[in-house]
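Notes follow once the structure below has been shown.
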Amino acid sequence: MLTKVYVKKDLEDKKVQLDIKYTLLSGRNVIFPTETVYGIGAYALSEAGVKGIYNVKGRPSDNPLIMHLSSTKDLLKYTKNHQPYVSKLIDAFWPGPLTMVFDKTDIVPYMITGGLDTIGIRIPSNDIALTILNIAGIPICAPSANISGRPSSTLVEHVIEDFNNKVDIIIDGGKSQVGIESTVLDVRNEIPVILRPGMITREMIKKVTNEVLISDHAKSDEIPKAPGMKYKHYAPKGKLTIVKGNQSAVVKYINQQLDYHKANGFKTGVICTNESKNLFNTNHVFSIGNESNEEEIASNLFVALREMDYQNIDYIYSLSFHNGYYSEAIMNRLLKAANQNVITIN
Ligand code: TXA
Ligand code: MG
């Protein structure tokens with residue numbers, strides 16, 4: 001199959017619009033940008049389209065997909081039994097990087113929910129994503145556009161690396177603004193529960209609902225409630241170690257490790273900040289932003305992990321980002337990428 005790549009301007013063309021619409025309606029896949037990460041989309045009610053996603057991603061069939069809508073107009077067609085706080089969450093965070101898990105209605109096929117009686121829904125804020133939802137006029141389920149186990153795609157280059165000539169259409173929307181996937185929130189009970197942390201934080205949700213819980217596995221790697229959380233994630237090919245502690249001790253430790261691995265003929269790399277990027281003894285330093293700019297750090301995290309693979313790095317060391325407002329989300333992804341491998345240096 002030959003993949004067509006469109007850019008934003010192409011979406012003004014009626015022929016392109018029809019191409020996207022009929023590709024989806026006929027059960028094939030379109031990769032499109034969202035504000036969080038790129039998604040690989042299928043018409044949610046098309047068995048062929050949904051199967052296509054699982055096949056091409058290599059995704060386990062019990063891991064449910066998020067349904068994307070362009071407005072709340074059809075929300076009650078697909079979900080039921082809303083808690084009173086749901087409308088407040090919608091007002092506060094949609095469109096945006098929040099997925100809410102509801103009881104599903106009968107129309108929603110079990111194939112997209114991994115056999116569960118629930119469905120995760122979000123309205124994305126990215127204008128290309130909204131345009132596509134509006135052009136197609138259908139619900140689109142879309143997991144992150146990466147081969148299962150790899151870091152999510154936040155650049156079109158990542159998408160092309162994983163899916164060129166494996167899907168019909170890729171839409172290039174440039175770099176993803178948020179850079180990590182949506183917060184997944186179970187809204188079926190009196191108190192909502194965060195299943196996957198994201199840039200809509202616990203504090204932000206609490207301001208709206210007064211109370212919020214976070215599921216244990218979202219903090220550590222225990223029995224997962226969001227089925228996707230139990231699988232290997234975001235892993236770069238090299239061995240990633242997060243090093244925590246005071247900065248000079250951390251830099252000293254990492255440099256010792258870099259020297260040791262280099263002496264044994266391995267390639268080394270470091271993921272760090274602008275403030276520390278000149279301190280490391282390796283040619284492969286990737287700064288993910290200013291220490292104080294967590295949004296920038298989040299948006300570059302998956303870029304850094306993929307970059308380490310492009311450079312064929314064997315041993316990767318990363319600073320820890322555990323002290324900020326968004327650290328729950330950032331560290332969740334980084335810890336998974338490192339397979340929970342953290343060293344604390346005092
Ligand atoms: O930002 C995002 O959410 C991106 C963009 C493309 O929208 N999508 C995304 O999808 O990250 P995916 O499939 O890579 O991750 C969805 C996560 C998985 O961990 C999945 O298990 C969980 O959400 N999830 C989806 N539906 C669920 C449900 N009904 N109950 C519990 N967890 C659910
Ligand atoms: Mg994913």
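Residue names in the structure tokens use chain letters A, B, ... in the order shown, residue numbers from 1 in each chain, and ligand numbers from 1 in the order shown.
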field: Distance query A:Pro151 at most 7 Å, only C-alpha atoms, self and fewer than 3 positions along chain excluded, as a count of residues only
entry: 7
field: Within 12 Å of ligand 2 (only C-alpha atoms and all ligand atoms), residues as number ranges by chain
entry: A: 36-40, 53-54, 57-60, 63-66, 142-154, 180-184, 196, 226-235, 302, 333
- request: Show which residues sit within 12 Å of A:Tyr317, as a PyMOL selection string. Count only C-alpha atoms, and ignore same-chain residues fewer than 4 positions away.
  value: chain A and resi 236+238-244+250-251+253-258+261+267-272+280-282+284-287+304-305+308+313+334+337-338+341-343
- prompt: Tell me, which residues of stretch 184-338 of chain A carry DSSP alpha helix (DSSP H), written as a PyMOL selection string?
  reply: chain A and resi 202-209+216-219+247-263+294-310+327-337
Report as JSON lines: every residue of stretch 180-201 of chain A with an atom at most 8 Å from stretch 321-326 of chain A, its closest pair of atoms, and their distance in Å to one decimal, counting only C-alpha atoms, with rows sorted by chain and ascending residue number.
{"residue": "A:Gly198", "atom": "CA", "partner": "A:Tyr326", "partner_atom": "CA", "distance": 7.8}
{"residue": "A:Met199", "atom": "CA", "partner": "A:Tyr326", "partner_atom": "CA", "distance": 6.4}
{"residue": "A:Thr201", "atom": "CA", "partner": "A:Tyr326", "partner_atom": "CA", "distance": 6.9}
message: Can you tell me, as a PyMOL selection string, which residues in stretch 62-266 of chain A count as strand (DSSP E or B) by DSSP?
response: chain A and resi 66-68+79-80+98-104+118-122+140-141+144+169-172+183-186+193-196+213-214+239-245
Include N, CA and C atoms and write out the residues we just selected as a compact mmCIF listing (two decimals), in the first residue's frame.
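Result saved to selection-v7.txt:
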# COMPACT_ATOMS: atom_id res chain seq x y z
N ILE A 66 -9.70 4.70 22.62
CA ILE A 66 -10.42 5.92 22.97
C ILE A 66 -11.24 6.38 21.77
N MET A 67 -12.50 6.71 22.02
CA MET A 67 -13.34 7.25 20.94
C MET A 67 -13.24 8.77 20.96
N HIS A 68 -12.97 9.34 19.78
CA HIS A 68 -12.86 10.80 19.66
C HIS A 68 -14.12 11.35 19.01
N THR A 79 -22.66 6.80 25.59
CA THR A 79 -22.38 6.67 27.03
C THR A 79 -23.67 6.85 27.83
N LYS A 80 -23.67 6.32 29.07
CA LYS A 80 -24.87 6.48 29.91
C LYS A 80 -24.50 6.60 31.39
N LEU A 98 -8.21 15.43 28.00
CA LEU A 98 -8.83 14.63 29.06
C LEU A 98 -9.73 13.57 28.41
N THR A 99 -9.47 12.30 28.75
CA THR A 99 -10.35 11.20 28.32
C THR A 99 -11.18 10.79 29.51
N MET A 100 -12.50 10.69 29.32
CA MET A 100 -13.35 10.22 30.42
C MET A 100 -13.88 8.84 30.09
N VAL A 101 -13.82 7.96 31.09
CA VAL A 101 -14.30 6.58 30.92
C VAL A 101 -15.71 6.48 31.51
N PHE A 102 -16.67 6.15 30.64
CA PHE A 102 -18.10 6.07 31.00
C PHE A 102 -18.60 4.63 30.87
N ASP A 103 -19.81 4.38 31.39
CA ASP A 103 -20.53 3.16 31.00
C ASP A 103 -20.90 3.31 29.54
N LYS A 104 -20.72 2.24 28.77
CA LYS A 104 -21.02 2.33 27.34
C LYS A 104 -22.48 1.95 27.07
N THR A 118 -17.28 -0.41 29.35
CA THR A 118 -17.00 1.02 29.47
C THR A 118 -16.38 1.53 28.17
N ILE A 119 -16.45 2.85 28.01
CA ILE A 119 -15.83 3.45 26.82
C ILE A 119 -15.14 4.77 27.21
N GLY A 120 -13.92 4.92 26.76
CA GLY A 120 -13.18 6.17 26.99
C GLY A 120 -13.46 7.12 25.83
N ILE A 121 -13.80 8.37 26.18
CA ILE A 121 -14.15 9.35 25.15
C ILE A 121 -13.38 10.64 25.38
N ARG A 122 -12.94 11.26 24.28
CA ARG A 122 -12.45 12.63 24.43
C ARG A 122 -12.74 13.46 23.19
N ILE A 140 -14.46 8.60 15.82
CA ILE A 140 -13.21 7.99 15.36
C ILE A 140 -12.45 7.46 16.57
N CYS A 141 -12.21 6.16 16.59
CA CYS A 141 -11.38 5.69 17.69
C CYS A 141 -9.93 5.71 17.25
N SER A 144 -2.72 5.96 20.30
CA SER A 144 -1.52 6.67 19.87
C SER A 144 -0.91 5.97 18.66
N ILE A 169 -3.61 6.92 4.81
CA ILE A 169 -3.38 8.37 4.86
C ILE A 169 -2.69 8.76 6.17
N ILE A 170 -1.71 9.66 6.04
CA ILE A 170 -1.11 10.30 7.21
C ILE A 170 -1.29 11.81 7.04
N ILE A 171 -1.74 12.48 8.08
CA ILE A 171 -1.85 13.94 8.01
C ILE A 171 -0.77 14.56 8.90
N ASP A 172 0.06 15.36 8.26
CA ASP A 172 1.19 15.99 8.93
C ASP A 172 0.71 17.26 9.61
N THR A 183 -4.91 12.63 29.94
CA THR A 183 -5.26 12.08 31.25
C THR A 183 -6.47 11.17 31.04
N VAL A 184 -6.42 9.94 31.58
CA VAL A 184 -7.59 9.06 31.50
C VAL A 184 -8.25 9.02 32.88
N LEU A 185 -9.53 9.42 32.91
CA LEU A 185 -10.25 9.57 34.17
C LEU A 185 -11.51 8.72 34.15
N ASP A 186 -11.64 7.82 35.11
CA ASP A 186 -12.84 7.00 35.25
C ASP A 186 -13.90 7.86 35.96
N VAL A 193 -11.66 8.75 39.25
CA VAL A 193 -10.37 8.10 39.51
C VAL A 193 -9.45 8.27 38.29
N ILE A 194 -8.28 8.79 38.52
CA ILE A 194 -7.30 8.92 37.42
C ILE A 194 -6.69 7.55 37.14
N LEU A 195 -6.87 7.09 35.91
CA LEU A 195 -6.27 5.80 35.51
C LEU A 195 -4.92 6.01 34.84
N ARG A 196 -4.79 7.15 34.16
CA ARG A 196 -3.49 7.47 33.55
C ARG A 196 -3.27 8.97 33.75
N LEU A 213 -9.42 10.59 42.97
CA LEU A 213 -8.48 9.55 43.41
C LEU A 213 -7.55 9.24 42.26
N ILE A 214 -6.42 8.62 42.62
CA ILE A 214 -5.54 8.14 41.55
C ILE A 214 -5.35 6.65 41.76
N LYS A 239 19.27 0.71 27.16
CA LYS A 239 18.85 0.60 28.56
C LYS A 239 18.80 1.99 29.18
N LEU A 240 17.60 2.36 29.63
CA LEU A 240 17.41 3.70 30.19
C LEU A 240 17.43 3.65 31.71
N THR A 241 18.23 4.53 32.31
CA THR A 241 18.30 4.65 33.77
C THR A 241 18.00 6.10 34.15
N ILE A 242 17.07 6.28 35.09
CA ILE A 242 16.78 7.62 35.61
C ILE A 242 17.65 7.83 36.85
N VAL A 243 18.31 8.96 36.92
CA VAL A 243 19.18 9.21 38.08
C VAL A 243 18.65 10.42 38.85
N LYS A 244 18.38 10.18 40.12
CA LYS A 244 17.71 11.16 40.99
C LYS A 244 18.69 11.59 42.08
N GLY A 245 18.62 12.84 42.51
CA GLY A 245 19.47 13.28 43.61
C GLY A 245 19.92 14.71 43.40
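Taking only C-alpha atoms and all ligand atoms into account, ligand 1 lies nearest to A:Ser215 out of the set A:Leu75, A:Lys15, A:Leu45, A:Ser215.
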